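Notes for the one structure printed next.
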Amino acid sequence: MRYPAVAGAFYERSKEGLLRQIRECYTHPLGPGRVPSVRAGERRILGLVVPHAGYVYSGPVAAHAYAALAADGWPSSFVILGPNHHGAGAPLAVTNHDWQTPLGIAHVDPDVYAGLAKPPLEDDIRSHRDEHSIEVQLPFLQQLKDDPRFVPICMAFQ
């Protein structure tokens, strides 16, 4: 299990506080204006570029990305790429550890993981342990829909 590294710093530590904070990101004057509902049907979005700072700094911008995703539909899995700000671990690191957030456990998709866990990617939890860039994406996904499946990839060299 990969436990939260930045809960209470980059986003609220409690479930109730975090859900409120995410709602405020959507309804903020710089946000999309409302909390979205996930639409069913065919999807067009192939990827998103989402900021990874603390929610107080970038949450409303992230909310725009996730509102677009919700309007477009819900994929079966997400591959989340994030920079490695600490330099620990492998240069291109994937992990099959599930991630805990204040909103519950976000599960790694084992099938997608199996397809990606090959060179040049290395399975290395050290790269992910203290890194926030992927962690801050998960509560937005969890707020939109229960049990989002994902695979995290941490990149030391960008």
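Ligands are numbered from 1 in the order shown, chains are lettered A, B, ... in the order of the structure tokens, and residues start at 1 in each chain.
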Considering only C-alpha atoms, return as a list in words whatever protein or nucleic-acid residues lie within 12 Å of A:Glu16, sequence-local ones (same chain, fewer than 6 positions apart) excluded.
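The filter keeps Ile22, Arg23, Pro102, Leu103, Gly104, Pro139 and Gln143 of chain A.
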For the residues in that selection, give me N, CA and C atoms as a compact mmCIF listing (two decimals), in the first residue's frame.
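Resulting contents of out19.txt:
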```
# COMPACT_ATOMS: atom_id res chain seq x y z
N ILE A 22 -12.64 19.78 -2.78
CA ILE A 22 -12.79 19.48 -4.20
C ILE A 22 -14.01 20.19 -4.77
N ARG A 23 -15.13 20.17 -4.04
CA ARG A 23 -16.33 20.91 -4.50
C ARG A 23 -16.01 22.39 -4.67
N PRO A 102 -7.49 9.99 1.60
CA PRO A 102 -8.58 10.17 2.56
C PRO A 102 -9.95 9.71 2.02
N LEU A 103 -10.07 9.53 0.71
CA LEU A 103 -11.33 9.09 0.12
C LEU A 103 -11.39 7.58 -0.08
N GLY A 104 -10.37 6.86 0.35
CA GLY A 104 -10.35 5.41 0.24
C GLY A 104 -9.15 4.91 -0.55
N PRO A 139 -7.67 11.97 -5.59
CA PRO A 139 -8.94 12.39 -4.99
C PRO A 139 -9.93 12.98 -5.99
N GLN A 143 -13.52 11.32 -6.32
CA GLN A 143 -14.72 12.12 -6.06
C GLN A 143 -15.73 11.96 -7.20
```
Quick one: everything within 12 Å of A:His128, counting only C-alpha atoms, minus sequence neighbours fewer than 5 positions away in the same chain. Send it as a CSV table (one decimal) with C-alpha atoms, in the first residue's frame.
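Contents of around-v4.csv, freshly written:
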```csv
chain,number,residue,atom,x,y,z
A,1,MET,CA,0.0,0.0,0.0
A,2,ARG,CA,1.2,3.5,-0.9
A,3,TYR,CA,0.1,5.8,1.9
A,4,PRO,CA,-0.6,9.6,1.5
A,5,ALA,CA,2.6,11.7,1.5
A,6,VAL,CA,0.9,15.1,1.2
A,80,ILE,CA,-1.1,8.8,-14.6
A,81,LEU,CA,2.4,10.3,-15.5
A,82,GLY,CA,4.0,12.5,-12.9
A,83,PRO,CA,7.4,14.1,-12.4
A,84,ASN,CA,9.7,12.8,-9.7
A,85,HIS,CA,10.6,15.9,-7.7
A,86,HIS,CA,12.9,14.0,-5.3
A,87,GLY,CA,15.0,11.9,-7.6
A,88,ALA,CA,14.6,8.8,-5.5
A,89,GLY,CA,14.2,5.4,-7.2
A,90,ALA,CA,14.2,4.4,-10.8
A,91,PRO,CA,14.2,7.0,-13.6
A,92,LEU,CA,11.0,5.6,-15.1
A,93,ALA,CA,9.1,3.9,-12.3
A,94,VAL,CA,5.8,2.1,-12.2
A,95,THR,CA,4.3,0.3,-9.2
A,96,ASN,CA,1.5,-2.2,-8.6
A,97,HIS,CA,0.9,-0.9,-5.0
A,98,ASP,CA,-2.6,0.4,-4.4
A,99,TRP,CA,-2.8,4.0,-3.1
A,122,GLU,CA,11.0,-0.4,-13.6
A,123,ASP,CA,8.7,-1.5,-10.7
A,133,SER,CA,2.4,14.7,-8.5
A,134,ILE,CA,0.3,11.5,-8.9
A,135,GLU,CA,-1.1,11.5,-5.4
A,151,VAL,CA,-1.4,2.9,-13.2
A,152,PRO,CA,1.2,5.4,-11.8
A,153,ILE,CA,4.3,6.2,-13.8
A,154,CYS,CA,6.9,8.5,-12.1
A,155,MET,CA,9.5,10.1,-14.3
A,156,ALA,CA,12.8,11.4,-12.9
```
With 12 Å as the cut-off and only C-alpha atoms counted, what is the closest atom pair between each nearby residue of stretch 45-81 of chain A and stretch 109-118 of chain A? Distances in Å to one decimal, ordered by chain and number, as CSV.
```
residue,atom,partner,partner_atom,distance
A:Pro75,CA,A:Asp109,CA,12.0
A:Ser76,CA,A:Asp109,CA,9.0
A:Ser77,CA,A:Asp109,CA,6.8
A:Phe78,CA,A:Asp109,CA,8.5
A:Val79,CA,A:Val112,CA,8.4
A:Ile80,CA,A:Tyr113,CA,11.5
```
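Running DSSP on the backbone gives strand (DSSP E or B) for these residues within chain A: Arg2, Ala7, Tyr11, Phe78, Val79, Ile80, Leu81, Gly82, Pro83, Leu92, Ala93, Val94, Trp99, Gln100, Thr101, Gly104, Ile105, Ala106, His107, Val108, Glu122, Asp123, Arg149, Phe150, Val151, Pro152, Ile153, Cys154 and Met155 of chain A.
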Taking N, CA and C atoms for each residue, export the selection above as a tab-separated table (two decimals), in the first residue's frame.
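Done, and the output landed in again10.tsv:
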```tsv
chain	number	residue	atom	x	y	z
A	2	ARG	N	0.55	2.18	-0.85
A	2	ARG	CA	1.24	3.47	-0.87
A	2	ARG	C	0.34	4.44	-0.10
A	7	ALA	N	-1.22	14.51	2.23
A	7	ALA	CA	-2.53	14.81	2.82
A	7	ALA	C	-2.31	15.72	4.02
A	11	TYR	N	-3.60	18.99	0.19
A	11	TYR	CA	-5.06	18.89	0.21
A	11	TYR	C	-5.48	18.47	1.61
A	78	PHE	N	-6.84	4.57	-15.96
A	78	PHE	CA	-6.05	5.78	-16.20
A	78	PHE	C	-4.58	5.43	-16.07
A	79	VAL	N	-3.76	5.96	-16.94
A	79	VAL	CA	-2.31	5.93	-16.76
A	79	VAL	C	-1.95	7.36	-16.36
A	80	ILE	N	-1.40	7.51	-15.17
A	80	ILE	CA	-1.08	8.84	-14.65
A	80	ILE	C	0.43	9.00	-14.62
A	81	LEU	N	0.93	9.94	-15.43
A	81	LEU	CA	2.35	10.27	-15.47
A	81	LEU	C	2.61	11.46	-14.57
A	82	GLY	N	3.66	11.38	-13.79
A	82	GLY	CA	4.01	12.50	-12.94
A	82	GLY	C	5.51	12.64	-12.81
A	83	PRO	N	6.00	13.87	-12.65
A	83	PRO	CA	7.43	14.06	-12.45
A	83	PRO	C	7.85	13.60	-11.06
A	92	LEU	N	12.35	5.83	-14.59
A	92	LEU	CA	10.98	5.64	-15.08
A	92	LEU	C	10.37	4.52	-14.24
A	93	ALA	N	9.54	4.90	-13.28
A	93	ALA	CA	9.08	3.93	-12.29
A	93	ALA	C	7.57	3.74	-12.32
A	94	VAL	N	7.18	2.50	-12.31
A	94	VAL	CA	5.79	2.10	-12.19
A	94	VAL	C	5.68	1.30	-10.89
A	99	TRP	N	-3.03	2.70	-3.77
A	99	TRP	CA	-2.76	3.97	-3.08
A	99	TRP	C	-3.92	4.33	-2.17
A	100	GLN	N	-3.59	4.65	-0.94
A	100	GLN	CA	-4.57	5.13	0.04
A	100	GLN	C	-4.68	6.64	-0.06
A	101	THR	N	-5.91	7.16	-0.04
A	101	THR	CA	-6.15	8.60	0.09
A	101	THR	C	-7.22	8.77	1.17
A	104	GLY	N	-10.37	6.86	0.35
A	104	GLY	CA	-10.35	5.41	0.24
A	104	GLY	C	-9.15	4.91	-0.55
A	105	ILE	N	-9.23	3.67	-0.98
A	105	ILE	CA	-8.12	3.05	-1.71
A	105	ILE	C	-8.35	3.20	-3.21
A	106	ALA	N	-7.33	3.68	-3.90
A	106	ALA	CA	-7.33	3.73	-5.36
A	106	ALA	C	-6.51	2.52	-5.83
A	107	HIS	N	-7.14	1.68	-6.62
A	107	HIS	CA	-6.52	0.41	-7.02
A	107	HIS	C	-5.77	0.54	-8.34
A	108	VAL	N	-4.59	-0.06	-8.36
A	108	VAL	CA	-3.84	-0.16	-9.60
A	108	VAL	C	-4.51	-1.23	-10.46
A	122	GLU	N	10.58	0.48	-14.70
A	122	GLU	CA	10.96	-0.43	-13.62
A	122	GLU	C	9.92	-0.36	-12.52
A	123	ASP	N	9.63	-1.49	-11.90
A	123	ASP	CA	8.75	-1.49	-10.74
A	123	ASP	C	9.57	-1.00	-9.55
A	149	ARG	N	-9.60	2.93	-11.53
A	149	ARG	CA	-8.42	2.07	-11.72
A	149	ARG	C	-7.36	2.88	-12.45
A	150	PHE	N	-6.11	2.69	-12.04
A	150	PHE	CA	-5.06	3.50	-12.63
A	150	PHE	C	-3.73	2.75	-12.57
A	151	VAL	N	-2.75	3.29	-13.28
A	151	VAL	CA	-1.36	2.85	-13.17
A	151	VAL	C	-0.52	4.12	-13.07
A	152	PRO	N	0.30	4.24	-12.01
A	152	PRO	CA	1.15	5.41	-11.84
A	152	PRO	C	2.52	5.22	-12.49
A	153	ILE	N	2.98	6.24	-13.20
A	153	ILE	CA	4.33	6.23	-13.76
A	153	ILE	C	5.02	7.51	-13.33
A	154	CYS	N	6.12	7.36	-12.62
A	154	CYS	CA	6.88	8.51	-12.11
A	154	CYS	C	8.16	8.66	-12.95
A	155	MET	N	8.41	9.89	-13.43
A	155	MET	CA	9.53	10.15	-14.33
A	155	MET	C	10.55	11.06	-13.66
```
Would you pick out the contacts of stretch 38-51 of chain A at 6 Å or less, using only C-alpha atoms, so that residues sharing its chain but fewer than 6 positions from it are not included, and give the list as a list in words?
Ala62, Ala70, Ala71, Asp72 and Gly73 of chain A
Write to file, as a PDB file, in the first residue's frame, the residues of the selection just made, with C-alpha atoms.
```pdb
ATOM      1  CA  ALA A  62      -7.412  20.820 -12.186  1.00  0.00           C
ATOM      2  CA  ALA A  70     -16.567  13.706 -16.692  1.00  0.00           C
ATOM      3  CA  ALA A  71     -18.424  15.291 -19.611  1.00  0.00           C
ATOM      4  CA  ASP A  72     -16.561  13.076 -22.074  1.00  0.00           C
ATOM      5  CA  GLY A  73     -17.111   9.749 -20.287  1.00  0.00           C
TER       6      GLY A  73
END
```
Out of A:Arg126, A:His64, A:Arg34, A:His132, which residue has the shortest atom-to-atom distance to A:Ala9 when counting only C-alpha atoms?
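Comparing A:Arg126, A:His64, A:Arg34, A:His132 against A:Ala9, the winner is A:His132.
Our summary of the geometry notes that atom CA of A:Lys15 is positioned 25.8 Å from atom CA of A:Ser127.
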Give me, as a PyMOL selection string, the residues of stretch 96-152 of chain A that a backbone DSSP run labels helix (DSSP H, G or I).
chain A and resi 110-116+126-129+135-144
What gap, in Å, lies between atom CA of A:Tyr55 and atom CA of A:Gln158?
23.1 Å
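The shell of residues at most 10 Å from stretch 25-32 of chain A, with only C-alpha atoms counted and near chain neighbours (fewer than 3 positions) removed, consists of Leu19, Arg20, Gln21, Ile22, Val35, Pro36, Tyr55, Val56, Tyr57, Ser58, Gly59, Pro60, Val61, Ala62, Ala63, His64, Ala65, Tyr66, Ala67, Ala68 and Phe140 of chain A.
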